[in-house]
Amino acid sequence: MKNKKENSTLLQIKDLKIEGFSDERWHKIIKGVNLELKRGEVLGLIGESGAGKSTLGLAAMGYTQPGCRITGGQINFDGVDLTKRTDSEKRKYWGNRMTYVAQSAAASFNPAHRLINQTTESTIRAGLKKQNEAFDEARALYDALNLPNPETIGERYPHQVSGGQLQRIMTAMAMSPNPDLIVFDEPTTALDVTTQVEVLAAMRDIVKTYGTAAIYITHDLSVVAQMADRIKVLRYGEEVEEAMTRKMLKSPKEDYTKSLWSVRSIQKPEKKSKDIILEVKNIDAFYGSFHVLKNINIKLPLGRTVALVGESGSGKSTVARVITGLLEPKIGSVKFKNRELPPSLKGRTKDQLQKIQMIYQMADVAMNPKQTVYDIISRPASFFAGLTGANLRKRVIELLEQIDLDESFIDRYPSELSGGQKQRICIARALAANPEVVICDEVTSALDQIVQEGILKLLGRLQKDLNLSYIFITHDIATVKAISDEVVVMNEGQVVEQGLKSEIFSPPHPEYTELLLSSVPEMDPDWLTDLLKARNY
Amino acid sequence: MLPGDFGQAILGQAALPETVAAFRQELGLDKPAYIRYFDWALGAIQGDLGTSFSGRNASGADRSAEVVDKIAPRLWNTLFLASMAALIAVPLSLILGILTALYRNSFFDRSVNTATLTTISFPEFFVAYILILFFASLNQIFPSLANVDPDTNFGERIYRTALPAFTLTLVIVAHMMRMTRAAIINLLASPYIQMAKLSGASQTEIILKHALPNAWAPIATVIAFNLAYLVVGVVVVEVVFVYPGVGQLMVDAVRTRDIPVVQGCALIFAVTYILLNLIADIIGIVTNPRLLHPK
């Protein structure tokens, strides 16, 4: 029988080593980590991508991904060393005494089955409950997780509910067998901030109610601050430090831990400017019959940064598509230096094209993997400026220096670069055209905090040196604070408000801005509790 | 374009041009091509595929048959053989596909892949003769000739068509089995498969319950493609086993320039193709909740 005694150790990982196979050899992913988890306790695992936090989280369940192997150490779960068990023995634990909540709920639900069947699948398989009993309890869990129509939502298929709802249903799935341990692997990373609040609250409540132990994996300190009793920081597969949440937030010991805060510490003083370089006037745009943009007006001052903030689906990226001419608006116009631009890309002159450049979120897919850095950067330089031969090469090297890389990168392929370096190359490619306006579409969203900081600082410096004007599209409020002069808040295809950063961030706010700003998690461990109180949940 | 016409073919090289012209007029071959086409199409819509040219001769005697009557018994034979081959091949390739996906990269997987690739790599007639050699000549288990007629009873029919059916099976199994295997393995990298593993599902359960339901659309398309082949592309096998199917009929009709029969066969092949692909598309929709249950 399950031993539910409080404060007894549930999970103990000793000197765990895991290797992964890639590029024809084994690499160390986890290099001897110790971890202890008591019953009912929530441990936060935090670190950047590649820190091995997901690998460690899965290892806590005795699971290694295909291509990985455990090379040493122990995983003691309730007195049983999982490293010595076969898969079929471990299957008796999985989906029964230990469950998993994945990052992308949309991809982690089987599209072919109804949600309630998936929610209860492992419970019924393990023989813990009969089908109707399990279904009833799943509906009760849906209700406890504040899902709409808890009686019927389980009859739906995954594609019929929203991302936030799916994430909560996945939590219900994890709770269904009433496990001893849940591993949450970045469960809210893919969600919008306003949705994230609800999901976090629901998960925290249910874990507390059932007294389940949990490992909460994330790269976001402010999120883990709300969820965890204790935090462990990982880097390159090794532990950096571990402490109780409040202590860790107040006085992190290691420099690395402190640097995880860094992006939040950049604060750019805002500057006004009267010269308007780009103006978006009364834009209405459609995708087929879908009305995406409704009467959008945005002004971009010369040499300044306007941040476009909003949640997914608010129409931010569509504004960029209209400005660059990729999408022809139905009504309205885009003015560059007081001259109206032709609405479509085809109608624009080379000169007009040159002045407005774009940088994308996914540097990976924005570059041709079969081209070298030289090919990628030299193409706009030769196309717009007509450079050739030695001059072109000189220009490429100059551009590389501008983005803090050197000549040695010139013959590399994108696959030989890190995420931050790739994004720098994309910046150099935009600069190669000698633009005056650069549209940055979520350029830091896919990057780790420390790399983000580097990119933001670089963009700031380039703005000063080259007098560039930025439209900076993002959903991250910390990034907005770090880079913008002015802010435009968008929701459902409309501009909620536009103004100087200081005006937007100080009350009173329109209702939506209030909701958006208050939903951004803060480092304070009491933030979520206070917020929920204030919102009367 | 096909040179010559039925008139020329039946009357021979020595015929007087006037005779040929008169015969053509009688057959309606003197009218322009588009008028003949619309006449035929109009008839075909109403279920009348016209009258075969063969059976007529220059002397005016007319023992010709309706195209429908010529094709119907042949079509029945072809469908019988196709069904037999399909009944063996489809379940076999699905089972092999699932098993090879389950035990992928094992010895079993490799041997099945090698064996099916071998049989698909040989020309059909070669496979047919090899089967005849082993099952009809060296060991007299099945007859080497599949000559059936309308009076042959059902059991006898199965017995006589066994070898052609096996031949066809060997030719089409590889394609379907490898598609089943690939469609399933392709899905095994999906996050929801890892999720299923972490909820304690066994390998068999993962393949049958989590991967296969999402793999039906590509599998159904390939099965439809191969079933269509069983109806429209089996002329070589029919010739080897002297089996009176539609394929042979069409080849004969082309040789004698019996265009109404050729058109009738072509129409049947086209209908088969479209119907089977339609069924595959319907299966693709029915097995995809995204299409079956819109938001």
# chains A, B, ... in the order shown; residues from 1 in each chain; ligands from 1
$ residues_around --residues "region 192-208 of chain A" --least-positions-apart "6" --cutoff "10 Å" --atoms "only C-alpha atoms" --output "mmCIF file with C-alpha atoms, in the first residue's frame"
data_model
loop_
_atom_site.group_PDB
_atom_site.id
_atom_site.type_symbol
_atom_site.label_atom_id
_atom_site.label_comp_id
_atom_site.auth_asym_id
_atom_site.auth_seq_id
_atom_site.Cartn_x
_atom_site.Cartn_y
_atom_site.Cartn_z
ATOM 1 C CA GLY A 40 4.059 16.442 -0.863
ATOM 2 C CA GLU A 41 6.982 18.708 -1.668
ATOM 3 C CA VAL A 42 7.391 20.758 -4.859
ATOM 4 C CA LEU A 141 -10.931 17.114 -11.645
ATOM 5 C CA ALA A 144 -11.542 21.566 -9.761
ATOM 6 C CA LEU A 145 -9.264 22.897 -12.491
ATOM 7 C CA ASN A 146 -11.868 25.523 -13.448
ATOM 8 C CA LEU A 147 -12.465 24.105 -16.897
ATOM 9 C CA GLY A 163 -4.130 25.521 -25.430
ATOM 10 C CA GLY A 164 -4.697 26.691 -21.861
ATOM 11 C CA GLN A 165 -7.576 24.256 -21.429
ATOM 12 C CA LEU A 166 -5.503 21.405 -22.847
ATOM 13 C CA GLN A 167 -2.736 22.134 -20.381
ATOM 14 C CA ARG A 168 -5.231 21.926 -17.525
ATOM 15 C CA THR A 171 -2.861 18.213 -15.356
ATOM 16 C CA ALA A 172 -6.133 16.351 -14.740
ATOM 17 C CA MET A 175 -3.766 13.685 -11.256
ATOM 18 C CA LEU A 181 4.948 12.217 -7.991
ATOM 19 C CA ILE A 182 4.170 14.513 -10.919
ATOM 20 C CA PHE A 184 5.803 19.191 -14.762
ATOM 21 C CA ALA A 214 6.105 17.446 -7.818
ATOM 22 C CA VAL A 223 7.066 31.136 -12.449
ATOM 23 C CA VAL A 224 8.988 28.684 -10.332
ATOM 24 C CA GLN A 226 5.064 30.723 -7.374
ATOM 25 C CA MET A 227 5.110 26.950 -7.572
ATOM 26 C CA ALA A 228 8.066 25.519 -5.713
ATOM 27 C CA GLY A 310 -0.032 41.538 -27.168
ATOM 28 C CA GLU A 311 -0.902 37.878 -26.864
ATOM 29 C CA SER A 312 -0.797 35.310 -29.627
ATOM 30 C CA HIS A 475 4.691 39.228 -25.800
ATOM 31 C CA ASP A 476 7.221 39.578 -23.007
ATOM 32 C CA ILE A 477 6.809 42.586 -20.759
ATOM 33 C CA LEU A 515 -5.058 42.315 -17.187
ATOM 34 C CA LEU A 516 -1.944 41.873 -19.295
ATOM 35 C CA LEU A 517 0.419 43.693 -16.949
ATOM 36 C CA SER A 518 -0.939 42.125 -13.781
ATOM 37 C CA SER A 519 -0.564 38.642 -15.319
ATOM 38 C CA VAL A 520 3.196 38.926 -15.741
ATOM 39 C CA PRO A 521 4.692 36.784 -13.005
ATOM 40 C CA LEU A 528 0.212 34.601 -7.438
ATOM 41 C CA THR A 529 -1.579 34.341 -4.105
ATOM 42 C CA LEU A 531 -3.078 38.391 -7.489
ATOM 43 C CA LEU A 532 -5.728 35.718 -7.096
ATOM 44 C CA TYR A 537 -10.858 33.798 -7.449
#
$ residues_around --residues "Val334 (chain A)" --least-positions-apart "5" --cutoff "6 Å" --atoms "only C-alpha atoms" --output "list in words"
Glu279, Val280, Glu340 and Leu341 of chain A
$ write_last_selection --atoms "N, CA and C atoms" --output "compact mmCIF listing (two decimals), in the first residue's frame"
# COMPACT_ATOMS: atom_id res chain seq x y z
N GLU A 279 4.61 55.69 -40.49
CA GLU A 279 3.28 55.84 -39.91
C GLU A 279 2.32 54.84 -40.53
N VAL A 280 1.62 54.12 -39.68
CA VAL A 280 0.61 53.17 -40.14
C VAL A 280 -0.73 53.83 -39.90
N GLU A 340 3.60 57.95 -49.07
CA GLU A 340 2.84 56.70 -48.97
C GLU A 340 3.57 55.58 -49.71
N LEU A 341 3.67 54.41 -49.06
CA LEU A 341 4.29 53.25 -49.72
C LEU A 341 3.23 52.49 -50.50
$ interface_residues --of "chain B" --to "chain A" --cutoff "8 Å" --atoms "only C-alpha atoms" --output "number ranges by chain"
B: 190-195, 197-202, 210, 213-214, 287-290, 293-295
$ residues_around --residues "Glu486 (chain A)" --least-positions-apart "6" --cutoff "8 Å" --atoms "only C-alpha atoms" --output "MDAnalysis selection string"
chainID A and resid 270 304:307 498:501
$ atom_distance --atom1 "CA of Arg235 (chain A)" --atom2 "CA of Leu447 (chain A)"
15.5 Å
$ closest_residue --among "A:Thr55, A:Asn34, A:Gln423, A:Thr120" --to "Asn178 (chain A)" --atoms "only C-alpha atoms"
A:Thr120
$ atom_distance --atom1 "CA of Ser176 (chain A)" --atom2 "CA of Glu133 (chain A)"
10.8 Å
$ atom_distance --atom1 "CA of Ile323 (chain A)" --atom2 "CA of Ala433 (chain A)"
16.8 Å
$ select_by_dssp --residues "region 12-194 of chain B" --states "alpha helix (DSSP H)" --output "JSON, numbers by chain"
{"B": [17, 18, 19, 20, 21, 22, 23, 24, 25, 26, 27, 33, 34, 35, 36, 37, 38, 39, 40, 41, 42, 43, 44, 45, 67, 68, 69, 70, 71, 72, 73, 74, 75, 76, 77, 78, 79, 80, 81, 82, 83, 84, 85, 86, 87, 88, 89, 90, 91, 92, 93, 94, 95, 96, 97, 98, 99, 100, 101, 102, 107, 108, 109, 110, 111, 112, 113, 114, 115, 116, 117, 118, 119, 120, 121, 124, 125, 126, 127, 128, 129, 130, 131, 132, 154, 155, 156, 157, 158, 159, 160, 162, 163, 164, 165, 166, 167, 168, 169, 170, 171, 172, 173, 174, 175, 176, 177, 178, 179, 180, 181, 182, 183, 184, 185, 186, 187, 191, 192, 193, 194]}
$ residues_around --residues "region 128-131 of chain B" --least-positions-apart "4" --cutoff "10 Å" --atoms "only C-alpha atoms" --output "list in words"
Phe122, Pro123, Glu124, Phe135, Ala136, Ser137, Leu138, Phe142, Ser144, Leu163, Pro164, Ala165, Phe166, Thr167, Leu168, Leu170, Val171, Val236, Val237, Val240 and Phe241 of chain B
